[in-house]
Amino acid sequence: MFLSYSIQGYAIVSSDGMIADADAMMPDALKLDADQRFFEREMDCADAVVHGRRSHEGHPNSHIRRRLVLTRKVAAIAPDPDYPNSLLWNADGASLRQACAALGLQSGTVAVLGGPETYRMFLEIGYDAFHLTRAGKVKLPGGMPVFAQTRSGQSPEDVLCEHGLAPGPVRILDEVNAVTLVSWRPKERLRE
Ligand SMILES: NC(=O)c1ccc[n+]([C@@H]2O[C@H](COP(=O)([O-])OP(=O)(O)OC[C@H]3O[C@@H](n4cnc5c(N)ncnc54)[C@H](OP(=O)(O)O)[C@@H]3O)[C@@H](O)[C@H]2O)c1
């Protein structure tokens with residue numbers, strides 16, 4: 001928990017741990033109904049979402065959600081010309097607390113939607129949970145790892161473990177497409 005916010009991360013990865021292909025695009029093969037249903041249910045409980053400038057959400061209720069779009073094109077916090085409920089945020093110029101306050105959010109659930117730089121930055125802030133979906137039949141050789149600065153051969157699970165998170169049980173979202181979900185939470189919290 002960061003101050004009074006619950007920080008929840010969400011990613012879907014290929015069997016080889018990638019969130020996007022070698023051209024840095026998220027392929028349709030990763031857009032799987034079972035994960036989309038899980039994701040939409042979760043988003044309906046989020047008070048705000050955060051993502052990098054090249055990510056988007058593309059769900060029916062996206063336009064009504066409070067949103068922070070990370071970009072270095074602004075100094076700190078600025079209105080988003082495209083969406084009324086969204087703000088542009090440069091994390092070097094304003095803290096998460098300041099950005100949330102600018103959205104009118106003093107507490108609540110903040111959903112972190114990626115991509116790699118965004119997921120990495122929130123590793124340092126601290127996740128209350130990171131929900132990692134794996135599409136077991138999709139491979140993205142040479143693709144984009146979940147976390148920026150991932151070392152060669154390091155899986156997203158290795159990175160989460162290194163940052164003090166531990167896995168919960170494996171949930172099967174779609175047996176035919178081998179889609180599984182594991183929610184990672186801070187180890188100390190699991191012992192409480
Ligand atoms: N499979 C999945 O679950 C999943 C999830 C999310 C994204 N993706 C895919 O991953 C790819 C990359 O997404 P992305 O480019 O949005 O990821 P990203 O690496 O988080 O964001 C990159 C951009 O966000 C801004 N940014 C990042 N960190 C910042 C910081 N600390 N302060 C200020 N600005 C910051 C910068 O924008 P400026 O260049 O404007 O400065 C940077 O170029 C996309 O193809 C997306 O579809 C997949």
# chains A, B, ... in the order shown; residues from 1 in each chain; ligands from 1

call {"tool": "residues_near_ligand", "arguments": {"ligand": "ligand 1", "cutoff": "6 Å", "atoms": "only C-alpha atoms and all ligand atoms", "output": "list in words"}}
result
Ala11, Ile12, Val13, Ile19, Ala20, Ala24, Met25, Met26, His51, Gly52, Arg53, Arg54, Ser55, Leu70, Thr71, Arg72, Lys73, Asn90, Ala91, Asp92, Leu113, Gly114, Gly115, Pro116, Glu117 and Thr118 of chain A

call {"tool": "residues_around", "arguments": {"residues": "Asn85 of chain A", "least_positions_apart": "2", "cutoff": "8 Å", "atoms": "only C-alpha atoms", "output": "list in words"}}
result
His63, Ile64, Arg65, Arg66, Arg67, Tyr83, Leu87 and Leu103 of chain A

call {"tool": "closest_atom_pairs", "arguments": {"of": "segment 64-136 of chain A", "to": "segment 27-41 of chain A", "cutoff": "12 Å", "atoms": "only C-alpha atoms", "output": "CSV"}}
result
residue,atom,partner,partner_atom,distance
A:Arg65,CA,A:Glu40,CA,11.8
A:Ala111,CA,A:Phe39,CA,10.3
A:Val112,CA,A:Phe39,CA,11.6
A:Leu113,CA,A:Phe39,CA,10.1
A:His131,CA,A:Phe39,CA,9.5
A:Leu132,CA,A:Asp35,CA,10.1
A:Thr133,CA,A:Asp35,CA,7.2
A:Arg134,CA,A:Leu30,CA,8.9
A:Ala135,CA,A:Leu30,CA,6.7
A:Gly136,CA,A:Leu30,CA,10.0

call {"tool": "write_last_selection", "arguments": {"atoms": "C-alpha atoms", "output": "PDB file, in the first residue's frame"}}
result
ATOM      1  CA  ARG A  65     -12.335   6.139 -15.824  1.00  0.00           C
ATOM      2  CA  ALA A 111      -4.605   0.059 -11.555  1.00  0.00           C
ATOM      3  CA  VAL A 112      -1.216  -0.004 -13.324  1.00  0.00           C
ATOM      4  CA  LEU A 113      -1.641  -1.084 -16.958  1.00  0.00           C
ATOM      5  CA  HIS A 131      -1.894  -9.907 -11.623  1.00  0.00           C
ATOM      6  CA  LEU A 132       0.096 -11.810 -14.237  1.00  0.00           C
ATOM      7  CA  THR A 133      -1.869 -13.617 -16.949  1.00  0.00           C
ATOM      8  CA  ARG A 134      -0.006 -16.042 -19.183  1.00  0.00           C
ATOM      9  CA  ALA A 135      -1.137 -17.063 -22.667  1.00  0.00           C
ATOM     10  CA  GLY A 136       0.481 -20.496 -22.723  1.00  0.00           C
TER      11      GLY A 136
END

call {"tool": "residues_around", "arguments": {"residues": "Cys161 of chain A", "least_positions_apart": "3", "cutoff": "10 Å", "atoms": "only C-alpha atoms", "output": "ChimeraX atom specification"}}
result
/A:155-158,164-167,184-187

call {"tool": "select_by_dssp", "arguments": {"residues": "chain A", "states": "strand (DSSP E)", "output": "VMD selection string"}}
result
chain A and resid 5 to 14 18 to 20 48 to 52 66 to 70 77 to 79 86 to 89 108 to 112 129 to 135 144 to 145 165 to 174 179 to 186

call {"tool": "select_by_dssp", "arguments": {"residues": "segment 28-75 of chain A", "states": "helix (DSSP H, G or I)", "output": "list of chain:residue names"}}
result
A:Asp28, A:Ala29, A:Leu30, A:Asp33, A:Ala34, A:Asp35, A:Gln36, A:Arg37, A:Phe38, A:Phe39, A:Glu40, A:Arg41, A:Glu42, A:Met43, A:Ser62, A:His63, A:Ile64

call {"tool": "write_last_selection", "arguments": {"atoms": "all heavy atoms", "output": "short mmCIF file (atom, residue, chain, number, x, y, z; two decimals), in the first residue's frame"}}
result
data_model
loop_
_atom_site.label_atom_id
_atom_site.label_comp_id
_atom_site.auth_asym_id
_atom_site.auth_seq_id
_atom_site.Cartn_x
_atom_site.Cartn_y
_atom_site.Cartn_z
N ASP A 28 -2.72 -9.38 -31.51
CA ASP A 28 -4.09 -9.84 -31.21
C ASP A 28 -4.06 -11.17 -30.45
O ASP A 28 -4.97 -11.47 -29.69
CB ASP A 28 -4.89 -10.01 -32.51
CG ASP A 28 -5.28 -8.66 -33.08
OD1 ASP A 28 -5.17 -7.65 -32.34
OD2 ASP A 28 -5.67 -8.61 -34.27
N ALA A 29 -3.00 -11.96 -30.68
CA ALA A 29 -2.91 -13.27 -30.00
C ALA A 29 -2.93 -13.12 -28.48
O ALA A 29 -3.28 -14.06 -27.77
CB ALA A 29 -1.62 -13.97 -30.44
N LEU A 30 -2.56 -11.94 -27.97
CA LEU A 30 -2.58 -11.72 -26.51
C LEU A 30 -3.92 -11.14 -26.05
O LEU A 30 -4.11 -10.89 -24.86
CB LEU A 30 -1.45 -10.78 -26.08
CG LEU A 30 -0.05 -11.38 -25.98
CD1 LEU A 30 0.93 -10.35 -25.42
CD2 LEU A 30 -0.01 -12.65 -25.13
N ASP A 33 -10.29 -13.57 -24.76
CA ASP A 33 -11.56 -13.25 -24.11
C ASP A 33 -11.54 -13.47 -22.59
O ASP A 33 -12.02 -12.63 -21.84
CB ASP A 33 -12.70 -14.09 -24.71
CG ASP A 33 -13.05 -13.62 -26.11
OD1 ASP A 33 -12.59 -12.52 -26.50
OD2 ASP A 33 -13.76 -14.36 -26.81
N ALA A 34 -10.99 -14.60 -22.17
CA ALA A 34 -11.04 -14.93 -20.73
C ALA A 34 -10.28 -13.88 -19.92
O ALA A 34 -10.72 -13.45 -18.85
CB ALA A 34 -10.44 -16.31 -20.50
N ASP A 35 -9.13 -13.44 -20.44
CA ASP A 35 -8.36 -12.42 -19.74
C ASP A 35 -9.07 -11.07 -19.82
O ASP A 35 -9.09 -10.32 -18.85
CB ASP A 35 -6.95 -12.32 -20.34
CG ASP A 35 -6.14 -11.22 -19.67
OD1 ASP A 35 -5.93 -11.31 -18.45
OD2 ASP A 35 -5.76 -10.24 -20.35
N GLN A 36 -9.65 -10.78 -20.99
CA GLN A 36 -10.36 -9.50 -21.15
C GLN A 36 -11.52 -9.40 -20.14
O GLN A 36 -11.77 -8.34 -19.59
CB GLN A 36 -10.89 -9.36 -22.58
CG GLN A 36 -9.80 -9.37 -23.64
CD GLN A 36 -9.21 -8.01 -23.92
OE1 GLN A 36 -9.95 -7.07 -24.11
NE2 GLN A 36 -7.91 -7.91 -23.93
N ARG A 37 -12.20 -10.53 -19.93
CA ARG A 37 -13.33 -10.52 -18.98
C ARG A 37 -12.82 -10.26 -17.56
O ARG A 37 -13.38 -9.44 -16.83
CB ARG A 37 -14.09 -11.87 -19.02
CG ARG A 37 -15.03 -11.98 -20.21
CD ARG A 37 -16.00 -13.15 -20.02
NE ARG A 37 -15.33 -14.44 -19.97
CZ ARG A 37 -15.01 -15.17 -21.04
NH1 ARG A 37 -15.33 -14.74 -22.24
NH2 ARG A 37 -14.41 -16.34 -20.91
N PHE A 38 -11.73 -10.94 -17.18
CA PHE A 38 -11.13 -10.72 -15.86
C PHE A 38 -10.73 -9.24 -15.73
O PHE A 38 -11.04 -8.58 -14.75
CB PHE A 38 -9.91 -11.63 -15.68
CG PHE A 38 -8.99 -11.20 -14.57
CD1 PHE A 38 -9.35 -11.38 -13.25
CD2 PHE A 38 -7.76 -10.60 -14.86
CE1 PHE A 38 -8.51 -10.96 -12.22
CE2 PHE A 38 -6.92 -10.18 -13.83
CZ PHE A 38 -7.30 -10.36 -12.51
N PHE A 39 -10.05 -8.74 -16.77
CA PHE A 39 -9.52 -7.39 -16.76
C PHE A 39 -10.65 -6.35 -16.63
O PHE A 39 -10.58 -5.44 -15.82
CB PHE A 39 -8.71 -7.18 -18.04
CG PHE A 39 -8.01 -5.87 -18.14
CD1 PHE A 39 -6.91 -5.60 -17.35
CD2 PHE A 39 -8.43 -4.90 -19.02
CE1 PHE A 39 -6.25 -4.39 -17.44
CE2 PHE A 39 -7.79 -3.68 -19.13
CZ PHE A 39 -6.68 -3.43 -18.33
N GLU A 40 -11.71 -6.54 -17.40
CA GLU A 40 -12.82 -5.57 -17.35
C GLU A 40 -13.48 -5.54 -15.98
O GLU A 40 -13.81 -4.47 -15.47
CB GLU A 40 -13.86 -5.91 -18.41
CG GLU A 40 -13.55 -5.24 -19.73
CD GLU A 40 -14.67 -5.38 -20.72
OE1 GLU A 40 -15.81 -4.98 -20.39
OE2 GLU A 40 -14.41 -5.91 -21.81
N ARG A 41 -13.63 -6.73 -15.38
CA ARG A 41 -14.23 -6.77 -14.03
C ARG A 41 -13.35 -6.01 -13.05
O ARG A 41 -13.81 -5.25 -12.22
CB ARG A 41 -14.36 -8.22 -13.54
CG ARG A 41 -15.59 -8.94 -14.06
CD ARG A 41 -15.89 -10.19 -13.22
NE ARG A 41 -14.76 -11.11 -13.11
CZ ARG A 41 -14.46 -12.06 -13.99
NH1 ARG A 41 -15.20 -12.21 -15.07
NH2 ARG A 41 -13.43 -12.87 -13.80
N GLU A 42 -12.04 -6.20 -13.17
CA GLU A 42 -11.10 -5.52 -12.27
C GLU A 42 -11.14 -4.00 -12.50
O GLU A 42 -11.12 -3.22 -11.56
CB GLU A 42 -9.68 -6.04 -12.51
CG GLU A 42 -9.46 -7.47 -12.08
CD GLU A 42 -9.36 -7.60 -10.56
OE1 GLU A 42 -8.52 -6.93 -9.95
OE2 GLU A 42 -10.12 -8.41 -9.99
N MET A 43 -11.18 -3.61 -13.78
CA MET A 43 -11.17 -2.17 -14.09
C MET A 43 -12.40 -1.47 -13.53
O MET A 43 -12.35 -0.32 -13.13
CB MET A 43 -11.08 -1.94 -15.61
CG MET A 43 -9.74 -2.26 -16.23
SD MET A 43 -8.33 -1.55 -15.36
CE MET A 43 -7.76 -2.94 -14.42
N SER A 62 -13.75 2.72 -20.79
CA SER A 62 -12.46 3.39 -20.66
C SER A 62 -12.61 4.91 -20.50
O SER A 62 -11.92 5.52 -19.69
CB SER A 62 -11.60 3.15 -21.90
OG SER A 62 -11.35 1.79 -22.05
N HIS A 63 -13.52 5.49 -21.28
CA HIS A 63 -13.60 6.96 -21.31
C HIS A 63 -14.08 7.55 -19.98
O HIS A 63 -13.84 8.71 -19.70
CB HIS A 63 -14.51 7.41 -22.46
CG HIS A 63 -15.93 6.93 -22.28
ND1 HIS A 63 -16.28 5.61 -22.43
CD2 HIS A 63 -17.06 7.59 -21.95
CE1 HIS A 63 -17.59 5.48 -22.21
NE2 HIS A 63 -18.08 6.67 -21.91
N ILE A 64 -14.78 6.74 -19.16
CA ILE A 64 -15.30 7.31 -17.91
C ILE A 64 -14.32 7.15 -16.75
O ILE A 64 -14.48 7.75 -15.71
CB ILE A 64 -16.68 6.71 -17.51
CG1 ILE A 64 -16.58 5.18 -17.35
CG2 ILE A 64 -17.77 7.10 -18.49
CD1 ILE A 64 -17.86 4.58 -16.79
#

call {"tool": "atom_distance", "arguments": {"atom1": "atom CA of Lys137 of chain A", "atom2": "atom CA of Glu162 of chain A"}}
result
26.3 Å

call {"tool": "closest_residue", "arguments": {"among": "A:Val176, A:Val110, A:Ile77, A:Val138", "to": "Ala94 of chain A", "atoms": "only C-alpha atoms"}}
result
A:Ile77

call {"tool": "atom_distance", "arguments": {"atom1": "atom CA of Cys45 of chain A", "atom2": "atom CA of Arg171 of chain A"}}
result
19.8 Å

call {"tool": "closest_residue", "arguments": {"among": "A:Gly126, A:Gly93, A:Gly17, A:Gly9", "to": "Gly142 of chain A", "atoms": "only C-alpha atoms"}}
result
A:Gly17

call {"tool": "decode", "arguments": {"residues": "segment 99-126 of chain A", "atoms": "N, CA, C and O atoms", "output": "short mmCIF file (atom, residue, chain, number, x, y, z; two decimals), in the first residue's frame"}}
result
data_model
loop_
_atom_site.label_atom_id
_atom_site.label_comp_id
_atom_site.auth_asym_id
_atom_site.auth_seq_id
_atom_site.Cartn_x
_atom_site.Cartn_y
_atom_site.Cartn_z
N ALA A 99 -0.24 13.49 -8.37
CA ALA A 99 -0.99 13.20 -9.60
C ALA A 99 -2.39 12.68 -9.26
O ALA A 99 -3.38 13.09 -9.88
N CYS A 100 -2.47 11.80 -8.25
CA CYS A 100 -3.78 11.29 -7.86
C CYS A 100 -4.66 12.42 -7.29
O CYS A 100 -5.86 12.50 -7.59
N ALA A 101 -4.03 13.29 -6.49
CA ALA A 101 -4.79 14.40 -5.93
C ALA A 101 -5.33 15.30 -7.04
O ALA A 101 -6.46 15.79 -6.98
N ALA A 102 -4.53 15.47 -8.10
CA ALA A 102 -4.98 16.29 -9.23
C ALA A 102 -6.19 15.66 -9.93
O ALA A 102 -7.01 16.35 -10.53
N LEU A 103 -6.29 14.33 -9.82
CA LEU A 103 -7.46 13.63 -10.38
C LEU A 103 -8.65 13.69 -9.42
O LEU A 103 -9.72 13.19 -9.74
N GLY A 104 -8.41 14.21 -8.23
CA GLY A 104 -9.46 14.26 -7.21
C GLY A 104 -9.53 12.99 -6.38
O GLY A 104 -10.55 12.69 -5.76
N LEU A 105 -8.42 12.25 -6.37
CA LEU A 105 -8.40 10.95 -5.69
C LEU A 105 -7.46 11.03 -4.48
O LEU A 105 -6.25 11.17 -4.64
N GLN A 106 -8.02 10.95 -3.27
CA GLN A 106 -7.19 10.99 -2.05
C GLN A 106 -6.85 9.59 -1.56
O GLN A 106 -5.93 9.39 -0.79
N SER A 107 -7.64 8.60 -1.98
CA SER A 107 -7.41 7.21 -1.60
C SER A 107 -8.11 6.33 -2.62
O SER A 107 -8.87 6.83 -3.44
N GLY A 108 -7.84 5.03 -2.56
CA GLY A 108 -8.54 4.12 -3.46
C GLY A 108 -7.60 3.21 -4.21
O GLY A 108 -6.42 3.10 -3.89
N THR A 109 -8.13 2.56 -5.24
CA THR A 109 -7.38 1.56 -5.99
C THR A 109 -6.86 2.16 -7.29
O THR A 109 -7.62 2.72 -8.07
N VAL A 110 -5.54 2.04 -7.46
CA VAL A 110 -4.89 2.54 -8.67
C VAL A 110 -4.44 1.33 -9.48
O VAL A 110 -3.64 0.52 -9.00
N ALA A 111 -4.96 1.20 -10.69
CA ALA A 111 -4.61 0.06 -11.56
C ALA A 111 -3.49 0.47 -12.51
O ALA A 111 -3.61 1.47 -13.22
N VAL A 112 -2.39 -0.30 -12.50
CA VAL A 112 -1.22 0.00 -13.32
C VAL A 112 -1.26 -0.92 -14.55
O VAL A 112 -1.19 -2.14 -14.43
N LEU A 113 -1.38 -0.31 -15.74
CA LEU A 113 -1.64 -1.08 -16.96
C LEU A 113 -0.44 -1.23 -17.87
O LEU A 113 -0.55 -1.78 -18.97
N GLY A 114 0.73 -0.72 -17.47
CA GLY A 114 1.94 -0.89 -18.27
C GLY A 114 2.19 0.29 -19.17
O GLY A 114 1.55 1.33 -19.03
N GLY A 115 3.14 0.16 -20.11
CA GLY A 115 3.97 -0.99 -20.37
C GLY A 115 5.24 -1.04 -19.52
O GLY A 115 5.19 -0.70 -18.32
N PRO A 116 6.36 -1.44 -20.11
CA PRO A 116 7.54 -1.83 -19.33
C PRO A 116 8.11 -0.75 -18.41
O PRO A 116 8.47 -1.05 -17.26
N GLU A 117 8.19 0.49 -18.89
CA GLU A 117 8.74 1.55 -18.02
C GLU A 117 7.79 1.81 -16.86
O GLU A 117 8.22 2.04 -15.72
N THR A 118 6.50 1.78 -17.16
CA THR A 118 5.48 2.04 -16.14
C THR A 118 5.48 0.92 -15.10
O THR A 118 5.51 1.18 -13.89
N TYR A 119 5.50 -0.33 -15.56
CA TYR A 119 5.54 -1.46 -14.62
C TYR A 119 6.79 -1.38 -13.76
O TYR A 119 6.75 -1.66 -12.56
N ARG A 120 7.93 -1.02 -14.35
CA ARG A 120 9.19 -0.94 -13.60
C ARG A 120 9.10 0.16 -12.54
O ARG A 120 9.49 -0.04 -11.40
N MET A 121 8.60 1.33 -12.92
CA MET A 121 8.53 2.44 -11.97
C MET A 121 7.70 2.05 -10.74
O MET A 121 8.07 2.34 -9.59
N PHE A 122 6.61 1.33 -10.97
CA PHE A 122 5.75 0.96 -9.84
C PHE A 122 6.35 -0.17 -9.00
O PHE A 122 5.96 -0.35 -7.85
N LEU A 123 7.33 -0.91 -9.54
CA LEU A 123 8.03 -1.89 -8.69
C LEU A 123 8.70 -1.16 -7.54
O LEU A 123 8.78 -1.66 -6.42
N GLU A 124 9.24 0.03 -7.86
CA GLU A 124 9.93 0.81 -6.81
C GLU A 124 8.92 1.43 -5.85
O GLU A 124 9.16 1.50 -4.65
N ILE A 125 7.79 1.88 -6.36
CA ILE A 125 6.75 2.46 -5.48
C ILE A 125 6.17 1.37 -4.59
O ILE A 125 5.92 1.58 -3.40
N GLY A 126 5.95 0.18 -5.18
CA GLY A 126 5.43 -0.96 -4.41
C GLY A 126 4.04 -1.38 -4.86
O GLY A 126 3.11 -0.59 -4.80
#
